>>> print(open('run17.txt').read())   # compact mmCIF, C-alpha atoms
# COMPACT_ATOMS: atom_id res chain seq x y z
CA THR A 285 44.20 -26.95 37.61
CA SER A 286 47.90 -27.69 38.06
CA ALA A 287 47.35 -31.41 37.39
CA TRP A 288 45.27 -30.64 34.30
CA LEU A 289 47.97 -28.34 32.92
CA THR A 290 50.79 -30.81 33.51
CA GLY A 291 48.73 -33.59 31.93
CA GLY A 292 49.14 -36.33 34.50
CA SER A 293 47.76 -39.73 33.52
CA LYS A 294 44.90 -39.36 36.00
CA PHE A 295 43.74 -36.17 34.27
CA LYS A 296 44.26 -37.05 30.58
CA ASN A 297 40.56 -37.21 29.79
CA VAL A 298 39.45 -34.52 32.22
CA GLU A 299 37.93 -31.35 30.76
CA LYS A 300 39.54 -28.00 31.41
CA PRO A 301 38.54 -26.76 34.90
CA SER A 302 35.77 -24.17 34.61
CA ILE A 303 37.62 -21.88 37.01
CA LEU A 304 40.11 -21.10 34.25
CA ASP A 305 37.45 -19.30 32.21
CA ASP A 306 35.26 -18.04 35.03
CA GLY A 307 35.06 -14.26 35.25
CA ASP A 308 35.63 -14.28 39.00
CA SER A 309 38.47 -16.81 38.94
CA PRO A 310 41.99 -15.91 40.11
CA ILE A 311 43.03 -16.07 36.45
CA TRP A 312 40.58 -13.54 34.99
CA ALA A 313 39.16 -11.45 37.83
CA ARG A 314 39.45 -7.69 37.49
CA LEU A 315 36.89 -6.81 40.14
CA TYR A 316 39.54 -5.39 42.50
CA SER A 317 41.56 -3.67 39.77
CA VAL A 318 39.12 -1.03 38.54
CA PRO A 319 39.73 2.50 39.88
CA GLN A 320 36.92 2.11 42.42
CA PRO A 321 35.87 -1.51 43.14
CA LYS A 322 32.14 -2.13 43.38
CA PRO A 323 30.57 -2.33 46.88
CA ARG A 324 30.16 -6.11 46.58
CA ALA A 325 33.85 -6.51 45.67
CA GLN A 326 34.79 -4.42 48.69
CA GLU A 327 32.58 -6.57 50.92
CA GLU A 328 34.26 -9.70 49.57
CA LEU A 329 37.68 -8.14 50.16
CA GLU A 330 36.77 -7.44 53.77
CA ALA A 331 35.33 -10.94 54.29
CA VAL A 332 38.40 -12.66 52.82
CA CYS A 333 40.87 -10.55 54.77
CA GLU A 334 38.96 -11.08 58.01
CA ALA A 335 38.82 -14.85 57.44
CA LEU A 336 42.57 -14.95 56.85
CA GLY A 337 43.46 -12.47 59.55
CA ALA A 338 44.98 -10.16 56.94
CA ARG A 339 44.92 -6.42 56.38
CA ARG A 340 45.51 -6.39 52.66
CA MET A 341 45.26 -8.36 49.42
CA VAL A 342 47.72 -8.15 46.52
CA VAL A 343 46.49 -8.68 42.96
CA GLY A 344 47.82 -8.48 39.40
CA HIS A 345 46.44 -9.15 35.90
CA THR A 346 45.15 -5.62 35.17
CA PRO A 347 47.82 -3.00 34.35
CA GLN A 348 47.61 0.21 36.35
CA LEU A 349 48.28 3.29 34.26
CA ARG A 350 49.91 5.17 37.16
CA GLY A 351 51.86 2.26 38.58
CA ILE A 352 51.27 0.22 41.74
CA ASN A 353 48.43 1.64 43.85
CA ALA A 354 45.87 0.70 46.48
CA ALA A 355 42.12 0.79 46.89
CA VAL A 356 40.78 0.88 50.44
CA SER A 357 37.45 -0.58 51.61
CA PRO A 358 35.09 1.32 53.94
CA ARG A 359 36.48 -0.64 56.88
CA GLY A 360 40.09 0.05 55.99
CA PHE A 361 41.12 -3.19 54.27
CA GLU A 362 43.50 -2.66 51.35
CA VAL A 363 43.86 -4.23 47.93
CA TRP A 364 47.15 -3.46 46.21
CA ARG A 365 47.08 -3.55 42.40
CA THR A 366 50.64 -4.43 41.36
CA ASP A 367 50.48 -5.00 37.60
CA THR A 368 52.21 -2.05 35.93
CA GLY A 369 52.26 -3.53 32.42
CA MET A 370 56.04 -3.23 32.48
CA SER A 371 56.61 -5.77 29.70
CA GLN A 372 57.29 -4.38 26.23
CA GLY A 373 54.65 -6.82 25.05
CA MET A 374 52.07 -5.01 27.16
CA MET A 375 52.56 -1.26 27.52
CA SER A 376 56.15 -0.77 28.72
CA GLY A 377 54.88 0.47 32.08
CA PRO A 378 57.06 1.56 34.99
CA LEU A 379 59.42 -0.91 36.65
CA GLU A 380 58.03 -1.17 40.17
CA ALA A 381 57.71 -3.67 43.01
CA LEU A 382 55.61 -3.75 46.17
CA GLU A 383 57.59 -4.17 49.41
CA VAL A 384 55.82 -5.31 52.58
CA LEU A 385 58.06 -5.30 55.65
CA ALA A 386 57.72 -7.60 58.65
CA ASP A 387 56.11 -4.82 60.70
CA GLY A 388 53.44 -4.29 58.03
CA THR A 389 54.98 -1.19 56.49
CA VAL A 390 54.33 -0.94 52.75
CA HIS A 391 56.60 0.73 50.19
CA ILE A 392 56.70 0.87 46.42
CA ILE A 393 60.18 0.37 45.00
CA THR A 394 60.64 2.35 41.81
CA GLU A 395 63.56 3.08 39.47
CA THR A 396 64.04 6.47 41.12
CA GLY A 397 63.65 5.43 44.75
CA ILE A 398 61.22 4.24 47.42
CA VAL A 399 57.69 5.65 47.49
CA PRO A 400 55.68 5.49 50.77
CA ALA A 401 52.33 3.71 50.58
CA ALA A 402 50.49 6.92 51.44
CA MET A 403 51.63 8.41 48.14
CA ARG A 404 49.78 5.68 46.23
CA SER A 405 46.55 5.79 48.24
CA PRO A 406 43.22 6.83 46.67
CA GLU A 407 43.46 10.24 48.37
CA ALA A 408 46.89 10.92 46.88
CA GLU A 409 46.17 9.42 43.45
CA GLY A 410 42.88 11.20 42.85
CA GLU A 411 40.63 10.16 39.95
CA MET A 412 42.08 7.30 37.96
CA VAL A 413 41.46 5.95 34.46
CA ASP A 414 40.48 2.32 33.99
CA VAL A 415 42.85 0.67 31.50
CA CYS A 416 39.88 -1.34 30.20
CA ASP A 417 38.08 1.88 29.22
CA ILE A 418 40.70 2.91 26.67
CA ASP A 419 41.67 1.21 23.42
CA THR A 420 44.80 -0.60 24.59
CA GLY A 421 43.81 -4.12 23.57
CA ILE A 422 44.92 -5.25 27.03
CA CYS A 423 41.56 -6.16 28.55
CA THR A 424 40.66 -9.11 26.37
CA PRO A 425 37.15 -10.49 27.00
CA LEU A 426 36.62 -13.86 28.60
CA PRO A 427 36.68 -16.79 26.14
CA ASP A 428 33.05 -17.57 26.95
CA GLU A 429 32.06 -13.99 26.07
CA VAL A 430 33.31 -14.10 22.47
CA GLU A 431 32.32 -17.64 21.51
CA ALA A 432 29.49 -17.48 19.00
CA ILE A 433 26.12 -18.75 20.20
CA GLN A 434 24.60 -21.05 17.60
CA PHE A 435 20.83 -21.24 17.88
CA THR A 436 20.10 -23.84 15.21
CA THR A 437 19.31 -27.40 16.27
CA GLN A 438 22.40 -29.63 16.36
CA PRO A 439 22.10 -33.46 16.35
CA GLU A 440 25.51 -33.96 17.96
CA PRO A 441 26.70 -33.25 20.56
CA ALA A 442 23.84 -30.96 21.55
CA GLN A 443 20.33 -32.23 22.22
CA PRO A 444 17.58 -31.31 19.74
CA GLY A 445 16.58 -27.70 20.17
CA ALA A 446 19.53 -26.87 22.41
CA VAL A 447 21.56 -23.72 22.11
CA ARG A 448 25.19 -24.58 21.39
CA VAL A 449 28.18 -22.32 21.99
CA ARG A 450 30.79 -22.81 19.30
CA ALA A 451 34.48 -23.06 20.01
CA PRO A 452 36.65 -19.94 19.49
CA GLU A 453 38.19 -21.31 16.28
CA GLU A 454 34.67 -21.72 14.84
CA ALA A 455 33.45 -18.33 15.93
CA PRO A 456 33.15 -15.48 13.40
CA VAL A 457 34.54 -12.03 14.05
CA ASN A 458 32.46 -10.27 16.69
CA ILE A 459 30.95 -7.09 15.22
CA LEU A 460 27.70 -5.22 15.66
CA SER A 461 26.03 -6.12 12.38
CA GLY A 462 23.37 -4.16 10.56
CA GLU A 463 20.74 -6.56 11.87
CA ASN A 464 21.94 -6.02 15.42
CA LYS A 465 21.84 -2.25 14.97
CA LEU A 466 18.24 -2.58 13.79
CA GLU A 467 17.51 -4.78 16.81
CA VAL A 468 18.88 -2.05 19.10
CA GLU A 469 16.50 0.48 17.58
CA MET A 470 13.55 -1.89 18.00
CA LEU A 471 14.49 -2.58 21.61
CA ARG A 472 14.73 1.14 22.30
CA ALA A 473 11.17 1.53 21.00
CA MET A 474 9.96 -1.25 23.32
CA ASP A 475 11.97 -0.21 26.38
CA ASP A 476 9.82 0.58 29.40
CA LYS A 477 11.86 2.87 31.67
CA SER A 478 9.16 2.74 34.35
CA LEU A 479 10.12 -0.86 35.19
CA GLY A 480 12.61 -1.75 37.88
CA VAL A 481 16.14 -2.19 36.55
CA GLU A 482 16.22 -5.99 36.80
CA GLU A 483 12.74 -6.42 35.31
CA ARG A 484 13.63 -4.02 32.51
CA VAL A 485 16.91 -5.79 31.76
CA SER A 486 15.28 -9.24 31.78
CA PHE A 487 12.54 -8.16 29.37
CA LEU A 488 15.04 -6.69 26.91
CA LEU A 489 17.40 -9.67 27.09
CA GLU A 490 14.55 -12.13 26.53
CA ARG A 491 13.35 -10.22 23.50
CA LEU A 492 16.87 -9.74 22.12
CA ILE A 493 17.84 -13.40 22.38
CA ALA A 494 14.46 -14.61 21.10
CA ASP A 495 14.85 -12.45 17.99
CA ALA A 496 18.38 -13.83 17.47
CA VAL A 497 17.03 -17.40 17.70
CA ARG A 498 14.25 -16.57 15.26
CA ARG A 499 16.62 -15.29 12.60
CA GLU A 500 19.18 -18.05 13.37
CA ASP A 501 21.90 -15.49 14.03
CA GLU A 502 25.24 -17.31 13.92
CA THR A 503 27.36 -14.28 14.81
CA LEU A 504 25.84 -13.38 18.16
CA THR A 505 28.02 -13.67 21.27
CA LYS A 506 27.40 -12.91 24.93
CA LYS A 507 29.68 -9.90 24.53
CA THR A 508 27.57 -8.61 21.64
CA VAL A 509 24.38 -9.14 23.64
CA LYS A 510 25.80 -6.99 26.43
CA GLU A 511 26.94 -4.33 23.96
CA MET A 512 23.47 -4.17 22.42
CA LEU A 513 21.83 -4.03 25.83
CA GLY A 514 24.20 -1.22 26.82
CA LYS A 515 23.10 0.83 23.81
CA VAL A 516 19.53 0.61 25.09
CA VAL A 517 19.79 0.96 28.87
CA GLY A 518 23.24 2.54 29.09
CA VAL A 519 26.64 0.98 29.69
CA GLU A 520 26.56 2.09 33.32
CA VAL A 521 23.54 -0.14 34.00
CA VAL A 522 25.19 -3.12 32.30
CA TYR A 523 28.34 -2.53 34.35
CA ASP A 524 26.55 -2.05 37.68
CA TYR A 525 24.34 -5.10 37.09
CA GLU A 526 27.00 -7.19 35.35
CA GLU A 527 26.43 -10.32 37.44
CA TYR A 528 22.66 -10.16 36.99
CA VAL A 529 22.98 -9.58 33.23
CA SER A 530 25.35 -12.53 32.82
CA ALA A 531 23.09 -14.80 34.88
CA GLU A 532 20.03 -13.81 32.83
CA ILE A 533 21.83 -14.49 29.55
CA ARG A 534 22.79 -17.95 30.80
CA ARG A 535 19.24 -18.60 32.00
CA ILE A 536 17.64 -17.66 28.70
CA ILE A 537 20.16 -19.56 26.57
CA SER A 538 19.77 -22.67 28.73
CA MET A 539 16.07 -22.84 27.81
CA GLY A 540 17.00 -24.13 24.34
CA ALA A 541 16.00 -22.76 20.94
CA GLU A 542 12.59 -24.46 20.72
CA ALA A 543 11.51 -23.34 24.19
CA ILE A 544 12.68 -19.79 23.52
CA LEU A 545 10.68 -19.62 20.29
CA GLU A 546 7.61 -21.16 21.93
CA ARG A 547 7.69 -18.69 24.81
CA TYR A 548 8.49 -15.62 22.73
CA SER A 549 6.60 -16.40 19.57
CA THR A 550 5.65 -12.85 18.64
CA PRO A 551 8.41 -11.13 16.66
CA VAL A 552 9.27 -7.50 17.22
CA PRO A 553 7.41 -5.47 14.59
CA GLU A 554 9.74 -3.78 12.13
CA GLU A 555 7.64 -0.63 12.44
CA ALA A 556 9.03 -0.25 15.96
CA ALA A 557 12.36 0.72 14.49
CA LYS A 558 10.83 3.59 12.49
>>> encode(input="run17.txt", output="structure tokens")
Amino acid sequence: TSAWLTGGSKFKNVEKPSILDDGDSPIWARLYSVPQPKPRAQEELEAVCEALGARRMVVGHTPQLRGINAAVSPRGFEVWRTDTGMSQGMMSGPLEALEVLADGTVHIITETGIVPAAMRSPEAEGEMVDVCDIDTGICTPLPDEVEAIQFTTQPEPAQPGAVRVRAPEEAPVNILSGENKLEVEMLRAMDDKSLGVEERVSFLLERLIADAVRREDETLTKKTVKEMLGKVVGVEVVYDYEEYVSAEIRRIISMGAEAILERYSTPVPEEAAK
């Protein structure tokens, strides 16, 4: 990544490293910065700390509305979230710094004095608000999430029938169009709540993407797909199964437009929306 950024002669024709846009990369990851990290994130935290012989991890990138604070895994490993959004360009958050002494003691240095680590623990902080859940404009989606998916056949550079993702500068504004709202209603009519969560999600995603291919929707993005799915199954399901949902979207798109249409040839009846 460093060599690619500095543009050394050896890397002039090398594509941007995928890790820069990956949701779990050090650049974009927010999995440790939500008020209560998911169980899998906590397991990863414990595994990483154990492998490194460490007790805690320190992360940034996601501003914390109450200043520097910690989340603690079931086995007592800590992740300290140190981004306070102090820049005027962000949210003019509190000026704070995390201090870790040689003996392992942790303090938070603030403008008014030193705060012991215990005062910023989950027990002391209580219920917290996720900065990404409020309209701050801070939690921008991943580039790959807002690039428009073009389902029409492209002679170059894509192969015939392939699904091409357009570059950000080509992508239209991401909104939930009238057609997408109608699609949500049709999906709700077809939704089978008796299915297991993953089977239910896969069925809805397959139908949603197939319908987008059929109507050659040039405004659809992965972010919009997730938003539409959330309106059917609930945003909590999309959040809890985020990795599965993302993997399923990639799987279906990778089939290519012709294969998608061949496999899902029966359109959703418009009567389903009534």
>>> residues_around(input="run17.txt", residues="A:Gly397", least_positions_apart="6", cutoff="12 Å", atoms="all atoms listed in the file", output="list in words")
Leu379, Glu380, Ala381 and His391 of chain A
>>> write_last_selection(input="run17.txt", atoms="C-alpha atoms", output="mmCIF file, in the frame of the given file")
data_model
loop_
_atom_site.group_PDB
_atom_site.id
_atom_site.type_symbol
_atom_site.label_atom_id
_atom_site.label_comp_id
_atom_site.auth_asym_id
_atom_site.auth_seq_id
_atom_site.Cartn_x
_atom_site.Cartn_y
_atom_site.Cartn_z
ATOM 1 C CA LEU A 379 59.420 -0.910 36.650
ATOM 2 C CA GLU A 380 58.030 -1.170 40.170
ATOM 3 C CA ALA A 381 57.710 -3.670 43.010
ATOM 4 C CA HIS A 391 56.600 0.730 50.190
#
>>> atom_distance(input="run17.txt", atom1="atom CA of A:Tyr316", atom2="atom CA of A:Asn353")
11.4 Å
>>> atom_distance(input="run17.txt", atom1="atom CA of A:Val343", atom2="atom CA of A:Ala313")
9.4 Å
>>> atom_distance(input="run17.txt", atom1="atom CA of A:Val342", atom2="atom CA of A:Thr366")
7.0 Å
>>> residues_around(input="run17.txt", residues="A:Thr389", least_positions_apart="4", cutoff="12 Å", atoms="only C-alpha atoms", output="ChimeraX atom specification")
/A:339-340,382-385,399-402
>>> write_last_selection(input="run17.txt", atoms="C-alpha atoms", output="compact mmCIF listing (two decimals), keeping the file's coordinate frame")
# COMPACT_ATOMS: atom_id res chain seq x y z
CA ARG A 339 44.92 -6.42 56.38
CA ARG A 340 45.51 -6.39 52.66
CA LEU A 382 55.61 -3.75 46.17
CA GLU A 383 57.59 -4.17 49.41
CA VAL A 384 55.82 -5.31 52.58
CA LEU A 385 58.06 -5.30 55.65
CA VAL A 399 57.69 5.65 47.49
CA PRO A 400 55.68 5.49 50.77
CA ALA A 401 52.33 3.71 50.58
CA ALA A 402 50.49 6.92 51.44
>>> closest_residue(input="run17.txt", among="A:Ser486, A:Ser530, A:Ser317, A:Thr396", to="A:Lys506", atoms="only C-alpha atoms")
A:Ser530
>>> closest_residue(input="run17.txt", among="A:Gly377, A:Asp387, A:Tyr525, A:Ile352", to="A:Arg404", atoms="only C-alpha atoms")
A:Ile352
>>> closest_residue(input="run17.txt", among="A:Pro358, A:Gly344, A:Gly369, A:Gly337", to="A:Ala325", atoms="all atoms listed in the file")
A:Pro358
>>> closest_residue(input="run17.txt", among="A:Val356, A:Leu545, A:Ala473, A:Leu304", to="A:Glu500", atoms="only C-alpha atoms")
A:Leu545
>>> residues_near_point(input="run17.txt", point="(45.4, 2.0, 43.6)", cutoff="9 Å", atoms="only C-alpha atoms", output="PyMOL selection string")
chain A and resi 317-320+348+350-356+363-366+404-406+409+412
>>> closest_residue(input="run17.txt", among="A:Glu490, A:Glu330, A:Glu299, A:Asp495", to="A:Glu362", atoms="all atoms listed in the file")
A:Glu330
>>> decode(input="run17.txt", residues="stretch 504-536 of chain A", atoms="N, CA, C and O atoms", output="mmCIF file, in the first residue's frame")
data_model
loop_
_atom_site.group_PDB
_atom_site.id
_atom_site.type_symbol
_atom_site.label_atom_id
_atom_site.label_comp_id
_atom_site.auth_asym_id
_atom_site.auth_seq_id
_atom_site.Cartn_x
_atom_site.Cartn_y
_atom_site.Cartn_z
ATOM 1 N N LEU A 504 -28.923 1.150 -9.418
ATOM 2 C CA LEU A 504 -28.829 0.269 -8.254
ATOM 3 C C LEU A 504 -27.387 0.135 -7.765
ATOM 4 O O LEU A 504 -26.464 -0.034 -8.541
ATOM 5 N N THR A 505 -27.195 0.219 -6.455
ATOM 6 C CA THR A 505 -25.895 0.003 -5.829
ATOM 7 C C THR A 505 -26.043 -1.065 -4.764
ATOM 8 O O THR A 505 -27.158 -1.433 -4.373
ATOM 9 N N LYS A 506 -24.915 -1.570 -4.285
ATOM 10 C CA LYS A 506 -24.964 -2.554 -3.199
ATOM 11 C C LYS A 506 -25.603 -1.952 -1.953
ATOM 12 O O LYS A 506 -26.323 -2.625 -1.214
ATOM 13 N N LYS A 507 -25.333 -0.673 -1.728
ATOM 14 C CA LYS A 507 -25.923 0.018 -0.582
ATOM 15 C C LYS A 507 -27.443 0.055 -0.700
ATOM 16 O O LYS A 507 -28.174 -0.185 0.262
ATOM 17 N N THR A 508 -27.934 0.351 -1.916
ATOM 18 C CA THR A 508 -29.383 0.395 -2.125
ATOM 19 C C THR A 508 -29.999 -0.985 -1.954
ATOM 20 O O THR A 508 -31.085 -1.121 -1.391
ATOM 21 N N VAL A 509 -29.314 -2.011 -2.440
ATOM 22 C CA VAL A 509 -29.803 -3.382 -2.266
ATOM 23 C C VAL A 509 -29.990 -3.687 -0.786
ATOM 24 O O VAL A 509 -31.016 -4.243 -0.367
ATOM 25 N N LYS A 510 -29.011 -3.316 0.021
ATOM 26 C CA LYS A 510 -29.102 -3.573 1.464
ATOM 27 C C LYS A 510 -30.216 -2.759 2.105
ATOM 28 O O LYS A 510 -30.911 -3.239 3.007
ATOM 29 N N GLU A 511 -30.394 -1.521 1.645
ATOM 30 C CA GLU A 511 -31.464 -0.684 2.180
ATOM 31 C C GLU A 511 -32.829 -1.292 1.858
ATOM 32 O O GLU A 511 -33.730 -1.322 2.705
ATOM 33 N N MET A 512 -32.984 -1.777 0.632
ATOM 34 C CA MET A 512 -34.249 -2.391 0.232
ATOM 35 C C MET A 512 -34.495 -3.669 1.019
ATOM 36 O O MET A 512 -35.609 -3.920 1.484
ATOM 37 N N LEU A 513 -33.450 -4.474 1.171
ATOM 38 C CA LEU A 513 -33.582 -5.710 1.946
ATOM 39 C C LEU A 513 -33.982 -5.384 3.384
ATOM 40 O O LEU A 513 -34.834 -6.066 3.977
ATOM 41 N N GLY A 514 -33.370 -4.339 3.943
ATOM 42 C CA GLY A 514 -33.677 -3.949 5.315
ATOM 43 C C GLY A 514 -35.120 -3.545 5.504
ATOM 44 O O GLY A 514 -35.702 -3.746 6.577
ATOM 45 N N LYS A 515 -35.740 -2.974 4.470
ATOM 46 C CA LYS A 515 -37.137 -2.574 4.560
ATOM 47 C C LYS A 515 -38.075 -3.773 4.524
ATOM 48 O O LYS A 515 -39.255 -3.656 4.857
ATOM 49 N N VAL A 516 -37.534 -4.926 4.109
ATOM 50 C CA VAL A 516 -38.346 -6.142 4.071
ATOM 51 C C VAL A 516 -38.128 -6.990 5.324
ATOM 52 O O VAL A 516 -39.081 -7.382 5.997
ATOM 53 N N VAL A 517 -36.874 -7.273 5.645
ATOM 54 C CA VAL A 517 -36.583 -8.179 6.764
ATOM 55 C C VAL A 517 -36.241 -7.436 8.052
ATOM 56 O O VAL A 517 -36.163 -8.051 9.115
ATOM 57 N N GLY A 518 -36.011 -6.122 7.954
ATOM 58 C CA GLY A 518 -35.629 -5.346 9.121
ATOM 59 C C GLY A 518 -34.142 -5.020 9.108
ATOM 60 O O GLY A 518 -33.328 -5.878 8.753
ATOM 61 N N VAL A 519 -33.798 -3.807 9.491
ATOM 62 C CA VAL A 519 -32.400 -3.390 9.457
ATOM 63 C C VAL A 519 -31.549 -4.180 10.441
ATOM 64 O O VAL A 519 -30.344 -4.358 10.249
ATOM 65 N N GLU A 520 -32.186 -4.689 11.520
ATOM 66 C CA GLU A 520 -31.416 -5.459 12.492
ATOM 67 C C GLU A 520 -30.881 -6.738 11.873
ATOM 68 O O GLU A 520 -29.743 -7.139 12.144
ATOM 69 N N VAL A 521 -31.683 -7.382 11.029
ATOM 70 C CA VAL A 521 -31.251 -8.620 10.366
ATOM 71 C C VAL A 521 -30.099 -8.315 9.404
ATOM 72 O O VAL A 521 -29.101 -9.044 9.376
ATOM 73 N N VAL A 522 -30.223 -7.243 8.641
ATOM 74 C CA VAL A 522 -29.165 -6.876 7.700
ATOM 75 C C VAL A 522 -27.875 -6.574 8.451
ATOM 76 O O VAL A 522 -26.784 -6.949 8.020
ATOM 77 N N TYR A 523 -27.992 -5.918 9.596
ATOM 78 C CA TYR A 523 -26.806 -5.587 10.394
ATOM 79 C C TYR A 523 -26.184 -6.855 10.990
ATOM 80 O O TYR A 523 -24.972 -7.070 10.896
ATOM 81 N N ASP A 524 -27.018 -7.689 11.599
ATOM 82 C CA ASP A 524 -26.497 -8.900 12.252
ATOM 83 C C ASP A 524 -25.903 -9.891 11.260
ATOM 84 O O ASP A 524 -24.981 -10.639 11.599
ATOM 85 N N TYR A 525 -26.425 -9.900 10.034
ATOM 86 C CA TYR A 525 -25.952 -10.828 9.003
ATOM 87 C C TYR A 525 -25.217 -10.078 7.890
ATOM 88 O O TYR A 525 -25.230 -10.501 6.738
ATOM 89 N N GLU A 526 -24.558 -8.990 8.252
ATOM 90 C CA GLU A 526 -23.926 -8.121 7.263
ATOM 91 C C GLU A 526 -22.942 -8.858 6.370
ATOM 92 O O GLU A 526 -22.938 -8.695 5.147
ATOM 93 N N GLU A 527 -22.095 -9.692 6.948
ATOM 94 C CA GLU A 527 -21.106 -10.416 6.148
ATOM 95 C C GLU A 527 -21.782 -11.386 5.188
ATOM 96 O O GLU A 527 -21.374 -11.508 4.030
ATOM 97 N N TYR A 528 -22.811 -12.080 5.646
ATOM 98 C CA TYR A 528 -23.522 -13.024 4.790
ATOM 99 C C TYR A 528 -24.227 -12.284 3.655
ATOM 100 O O TYR A 528 -24.165 -12.707 2.498
ATOM 101 N N VAL A 529 -24.880 -11.166 3.979
ATOM 102 C CA VAL A 529 -25.585 -10.379 2.959
ATOM 103 C C VAL A 529 -24.610 -9.895 1.887
ATOM 104 O O VAL A 529 -24.875 -10.014 0.684
ATOM 105 N N SER A 530 -23.468 -9.359 2.306
ATOM 106 C CA SER A 530 -22.479 -8.861 1.348
ATOM 107 C C SER A 530 -21.958 -9.987 0.462
ATOM 108 O O SER A 530 -21.787 -9.810 -0.749
ATOM 109 N N ALA A 531 -21.706 -11.153 1.064
ATOM 110 C CA ALA A 531 -21.198 -12.295 0.297
ATOM 111 C C ALA A 531 -22.235 -12.780 -0.715
ATOM 112 O O ALA A 531 -21.891 -13.143 -1.849
ATOM 113 N N GLU A 532 -23.498 -12.782 -0.327
ATOM 114 C CA GLU A 532 -24.561 -13.210 -1.236
ATOM 115 C C GLU A 532 -24.724 -12.235 -2.402
ATOM 116 O O GLU A 532 -24.940 -12.658 -3.542
ATOM 117 N N ILE A 533 -24.627 -10.947 -2.126
ATOM 118 C CA ILE A 533 -24.716 -9.960 -3.205
ATOM 119 C C ILE A 533 -23.591 -10.176 -4.212
ATOM 120 O O ILE A 533 -23.805 -10.178 -5.424
ATOM 121 N N ARG A 534 -22.381 -10.389 -3.688
ATOM 122 C CA ARG A 534 -21.242 -10.636 -4.592
ATOM 123 C C ARG A 534 -21.446 -11.908 -5.394
ATOM 124 O O ARG A 534 -21.152 -11.953 -6.602
ATOM 125 N N ARG A 535 -21.962 -12.949 -4.746
ATOM 126 C CA ARG A 535 -22.181 -14.228 -5.436
ATOM 127 C C ARG A 535 -23.176 -14.075 -6.579
ATOM 128 O O ARG A 535 -22.936 -14.539 -7.701
ATOM 129 N N ILE A 536 -24.274 -13.418 -6.314
ATOM 130 C CA ILE A 536 -25.319 -13.277 -7.325
ATOM 131 C C ILE A 536 -24.844 -12.408 -8.480
ATOM 132 O O ILE A 536 -25.027 -12.748 -9.652
#
